Structure formats: structure tokens, C-alpha cells
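Note sheet for the following structure.
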Amino acid sequence: MPIVFNYHNVDPSWQACLQKALATMDSHYLNHLYSNQDWLPGPEKIFNAFSLPLHKVKYVLFGESPYPRKQSANGYAFWDAAVQDIWSESGLAKSVNRATSLRNIMKMLLVSEGALSPYQTSQSDIAQINKHSFVNNNHQFFQNLLQHGFLLLNASLALQTTPVRLDAKAWQPFLKYVLQYLIQHNPTVEFILLGSIALEINKLIENPDIKKICAEHPYNVSFIHNPVILNFFQPLHLLIDSQTA
């Protein structure tokens, strides 16, 4: 029996939109996903990012594709579900330090907070920072992103063994419908497109007045000191623990 996508975590404000958006996609591609389980994050988690209510979306942060590990892919772009603690005595926790994109995101945010110099971001530099006011774990950090209104999407909602660009192309009609729906309801929404595959989303945003930031993917070291990225994230203070602030 075919597997269907789970809508359990989808906020009611998105339910009708997602079903209409799916209707714009190639039926053969969807039937392949419905009939197979060999893709991530899987039918249970594919729409998790839409747990954020439509009226709360201020930003859409686009990555490229889900993590290639079942324990990591959870339906939210950049959120590695396998990572727990962020910090260790030596700097970043081992799991964060091994996750290239997350590691560089954390370093960029530390630079944006003025806690690190842009070109002095080693483990020993991070170890010396007073982190008392910062979030302690990855779940707290991504809750901060959600509370600030970040819709965390990937250019491809599914990762298979085929090239990511092919999946991303298949999802473009879906994302075009979703983004048009979002812009119609919130014309002040801003987009952050990270990586060459995510940059393809730019052509789906037809409103020329929409604010967009286009930058390299966080797995590039240059992301840490990209002035456009730093200027955008600095006022948001996403590392600050609201309970200690």
C-alpha cells in the first residue's frame, strides 16, 4: 500500500496550501515517493517545517536538501536532529564541529555577536568565550529560529540517491505555489537563499519588491565572515537564551 505524507505536524494555516501545491507536481515523481521509503526525511517528517503558522513567518531560510542521515534529517533545513549540546570545554561540541554547515553557522553567529573575530574562529578561540547567556543545545537554538519567524525549507524536500538538482527541480512547482501563497498573505516576508541549488528559488519569486539575500552555502568557510550575512543576522541575536537574557 502506498505511503502518504504525514500532515500531523502541519499548522492548519498551511493544510490546504500544501495539498494544492502537491497537485502542481509531476505525478510520476510523487508516486515514486509515495511507493518507496528509501528517501529522507521520509513521509512522516517531510512537512515538519510547516509547523510554523503562516502568519508567524517573517523569513524563509532556504538550504539545499535534507541531511543524508536518517537520525539527522527531520524536515527542517539546517537542523541536524542528531546534534544535542552545542558547546564543550574545548569549544564547539564534537557533533557540531563535525557538522560543517552547522559549525560554520555557529561561528558566523559568534562573530555577529562580537564574541569572535571573523578570522579567529578556532576551537581554542571558542573555548575562551563566556557562553553564559547563550543557548546550550541545538533544540534551543532552532526554537529561537522558529520564534523569530524563520520558515526552514530546503530547495528539495526529499533526498534520494539521485542528484539533488533533479529532486530540487521536481519540487519547484510545489515551492512556487507555496511561496506565492506566502507572499500573498505576507508581502513583507524576506528570503535567505544559501547555496547554488537554493539560489534557483530566486526565479520562483516573481514579486520584484521582495527582499532577498543570496549567499554561499554555510559549508563554505567564507560564510563565516560574509558581511551581508553578518549584517542580516547581527540584530537577531539568535544565540541568546531568552531565559537568561
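Ordered as shown in the C-alpha cells, chains take letters A, B, and onward, while each chain numbers its residues from 1 and ligands are numbered from 1 in the order shown.
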With the cut-off set at 8 Å and counting only C-alpha atoms, tabulate each residue of stretch 18-95 of chain A with an atom at most that distance from an atom of stretch 147-168 of chain A, showing the nearest atom pair and its distance in Å to one decimal, ordered by chain and increasing number, as a Markdown table.
```
| residue | atom | partner | partner_atom | distance |
| --- | --- | --- | --- | --- |
| A:Asp38 | CA | A:Gln160 | CA | 6.9 |
| A:Trp39 | CA | A:Gln160 | CA | 4.8 |
| A:Leu40 | CA | A:Leu159 | CA | 5.1 |
| A:Pro41 | CA | A:Ala158 | CA | 6.5 |
| A:Gly42 | CA | A:Ala158 | CA | 7.5 |
| A:Ile46 | CA | A:Leu157 | CA | 6.5 |
| A:Ala49 | CA | A:Leu152 | CA | 5.8 |
| A:Phe50 | CA | A:Leu151 | CA | 7.3 |
| A:Leu52 | CA | A:Leu151 | CA | 6.7 |
| A:Lys56 | CA | A:Gly149 | CA | 5.5 |
| A:Val57 | CA | A:Gly149 | CA | 4.6 |
| A:Lys58 | CA | A:Gly149 | CA | 4.8 |
| A:Tyr59 | CA | A:Phe150 | CA | 4.8 |
| A:Val60 | CA | A:Leu151 | CA | 4.7 |
| A:Leu61 | CA | A:Leu152 | CA | 5.1 |
| A:Phe62 | CA | A:Leu153 | CA | 5.0 |
| A:Gly63 | CA | A:Asn154 | CA | 4.5 |
| A:Glu64 | CA | A:Asn154 | CA | 4.9 |
| A:Ser65 | CA | A:Ser156 | CA | 5.0 |
| A:Pro66 | CA | A:Leu159 | CA | 5.9 |
| A:Tyr67 | CA | A:Leu159 | CA | 7.8 |
| A:Pro68 | CA | A:Leu159 | CA | 7.1 |
| A:Gly75 | CA | A:Leu157 | CA | 7.5 |
| A:Tyr76 | CA | A:Leu152 | CA | 5.3 |
| A:Ala77 | CA | A:Leu152 | CA | 4.9 |
| A:Phe78 | CA | A:Leu152 | CA | 7.6 |
```
Those residues you just picked out, can you put them in a file as a compact mmCIF listing (two decimals), in the first residue's frame with N, CA and C atoms?
```
# COMPACT_ATOMS: atom_id res chain seq x y z
N ASP A 38 12.89 4.73 0.57
CA ASP A 38 14.33 4.94 0.51
C ASP A 38 14.66 6.39 0.19
N TRP A 39 14.13 7.31 0.99
CA TRP A 39 14.45 8.73 0.84
C TRP A 39 14.27 9.42 2.19
N LEU A 40 14.89 10.57 2.31
CA LEU A 40 14.87 11.32 3.57
C LEU A 40 14.26 12.70 3.37
N PRO A 41 13.59 13.23 4.39
CA PRO A 41 13.46 12.73 5.76
C PRO A 41 12.38 11.68 5.94
N GLY A 42 11.72 11.28 4.86
CA GLY A 42 10.65 10.29 4.92
C GLY A 42 9.28 10.93 5.04
N ILE A 46 8.42 14.98 6.29
CA ILE A 46 8.69 15.81 5.13
C ILE A 46 8.13 17.23 5.25
N ALA A 49 8.55 21.44 8.65
CA ALA A 49 8.86 22.88 8.67
C ALA A 49 7.60 23.73 8.68
N PHE A 50 6.51 23.17 8.16
CA PHE A 50 5.26 23.93 8.10
C PHE A 50 4.48 23.86 9.41
N LEU A 52 5.32 25.87 11.60
CA LEU A 52 5.29 27.31 11.89
C LEU A 52 4.07 27.92 11.21
N LYS A 56 3.04 33.74 11.24
CA LYS A 56 4.25 33.99 12.02
C LYS A 56 5.52 34.00 11.17
N VAL A 57 5.39 33.69 9.89
CA VAL A 57 6.57 33.62 9.02
C VAL A 57 7.04 35.03 8.66
N LYS A 58 8.27 35.34 9.07
CA LYS A 58 8.90 36.61 8.71
C LYS A 58 10.02 36.41 7.69
N TYR A 59 10.67 35.25 7.78
CA TYR A 59 11.79 34.94 6.91
C TYR A 59 11.64 33.51 6.40
N VAL A 60 12.15 33.27 5.20
CA VAL A 60 12.26 31.90 4.70
C VAL A 60 13.74 31.64 4.45
N LEU A 61 14.29 30.72 5.21
CA LEU A 61 15.69 30.35 5.09
C LEU A 61 15.77 29.06 4.27
N PHE A 62 16.39 29.17 3.09
CA PHE A 62 16.45 28.04 2.18
C PHE A 62 17.84 27.41 2.17
N GLY A 63 17.87 26.10 2.42
CA GLY A 63 19.05 25.30 2.19
C GLY A 63 18.88 24.51 0.91
N GLU A 64 19.66 23.44 0.77
CA GLU A 64 19.63 22.71 -0.48
C GLU A 64 18.81 21.42 -0.42
N SER A 65 19.08 20.58 0.59
CA SER A 65 18.38 19.30 0.67
C SER A 65 18.48 18.75 2.09
N PRO A 66 17.67 17.76 2.43
CA PRO A 66 17.75 17.16 3.78
C PRO A 66 19.11 16.52 4.03
N TYR A 67 19.44 16.38 5.31
CA TYR A 67 20.67 15.70 5.68
C TYR A 67 20.64 14.26 5.17
N PRO A 68 21.80 13.70 4.80
CA PRO A 68 21.85 12.35 4.25
C PRO A 68 21.88 11.25 5.31
N GLY A 75 13.11 17.29 8.56
CA GLY A 75 12.13 18.11 7.84
C GLY A 75 12.35 19.59 7.95
N TYR A 76 13.33 20.02 8.75
CA TYR A 76 13.69 21.44 8.87
C TYR A 76 15.07 21.65 8.25
N ALA A 77 15.22 22.64 7.40
CA ALA A 77 16.51 22.93 6.79
C ALA A 77 17.53 23.29 7.87
N PHE A 78 18.72 22.74 7.73
CA PHE A 78 19.89 23.01 8.58
C PHE A 78 19.79 22.44 10.00
```
Using DSSP on the backbone coordinates, identify all residues within stretch 47-233 of chain A classified as helix (DSSP H, G or I); present the result as a VMD selection string. chain A and resid 48 to 51 54 to 56 94 to 98 100 to 112 123 to 127 138 to 147 164 to 185 198 to 204 221 to 225 227 to 233
Pick out the closest residue to A:Ala82 from this set: A:Leu146, A:Asn138, A:Thr121, A:Leu18. Count only C-alpha atoms. A:Asn138
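For stretch 99-106 of chain A, the residues within 9 Å (counting only C-alpha atoms, excluding itself and residues fewer than 3 positions away along the chain) are Phe78, Trp79, Asp80, Val83, Ile86, Leu92, Lys94, Ser95, Val96, Leu109, Leu110, Val111, His217, Pro218, Tyr219, Asn220, Val221, Ser222, Phe223, Ile224 and Leu239 of chain A.
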Pick from A:His237, A:Lys212, A:His185, A:Lys176: nearest to A:Pro53, with only C-alpha atoms counted? A:His185
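Residue neighbourhood of A:Cys17, excluding near-sequence residues (fewer than 2 positions): Tyr7, Val10, Asp11, Pro12, Ser13, Trp14, Gln15, Gln19, Lys20, Ala21, Leu22, Ala23, Thr24, Phe47, Phe50, Leu54, Phe174, Leu175, Lys176, Tyr177, Val178, Leu179, Gln180, Tyr181, Leu182, Gln184 and His185 of chain A, at 12 Å, using only C-alpha atoms.
The closest residue to A:Val135, picked from A:Gln172, A:Gln243, A:Ser27, A:Gln123 and counting only C-alpha atoms, is A:Gln243.
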Set the distance at 9 Å and use only C-alpha atoms: which residues neighbour A:Val228 once local chain neighbours fewer than 4 positions away are removed? I'd like the list as a tab-separated table (two decimals) with C-alpha atoms, in the first residue's frame.
```tsv
chain	number	residue	atom	x	y	z
A	213	ILE	CA	19.71	37.67	0.41
A	214	CYS	CA	21.66	35.31	-1.82
A	215	ALA	CA	24.83	33.82	-0.39
A	232	PHE	CA	21.43	40.37	8.47
A	233	PHE	CA	21.85	38.09	11.48
```
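Between A:Ser133 and the candidates A:His8, A:Ser242, A:Ala16, A:Leu236, the tightest atom-to-atom separation, counting only C-alpha atoms, involves A:Ser242.
The residues of stretch 147-182 of chain A that DSSP classifies as strand (DSSP E or B), using the backbone of this structure, are A:Phe150, A:Leu151, A:Leu152, A:Leu153, A:Asn154, A:Leu159.
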Write to file, as a PDB file, in the first residue's frame, the residues of the selection just made, with C-alpha atoms.
```pdb
ATOM      1  CA  PHE A 150      12.075  31.505  10.255  1.00  0.00           C
ATOM      2  CA  LEU A 151      10.446  29.017   7.900  1.00  0.00           C
ATOM      3  CA  LEU A 152      13.269  26.492   7.403  1.00  0.00           C
ATOM      4  CA  LEU A 153      12.926  24.981   3.930  1.00  0.00           C
ATOM      5  CA  ASN A 154      15.160  23.130   1.500  1.00  0.00           C
ATOM      6  CA  LEU A 159      16.772  13.443  -0.641  1.00  0.00           C
TER       7      LEU A 159
END
```
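A straight line drawn from atom CA of A:His55 to atom CA of A:Ile229 is 24.6 Å long.
Atom pair atom CA of A:Asp209 / atom CA of A:Leu230 has a distance of 22.2 Å (rounded to one decimal).
In this comparison, which uses only C-alpha atoms, the residue of A:Tyr29, A:Arg69, A:Phe191, A:Asn36 approaching A:Val4 most closely is A:Asn36.
Atom CA of A:Phe141 is positioned 10.2 Å from atom CA of A:Gln84.
For the choices A:Asn226, A:Asn6, A:Asn207, A:Gln234, the atom-to-atom distance to A:Leu194 is smallest for A:Asn226 when using only C-alpha atoms.
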Do you know which residues are at most 9 Å from A:Asp26 counting only C-alpha atoms, after dropping those on the same chain fewer than 5 positions away, and could you put them as a ChimeraX atom specification? /A:31,170-171,173
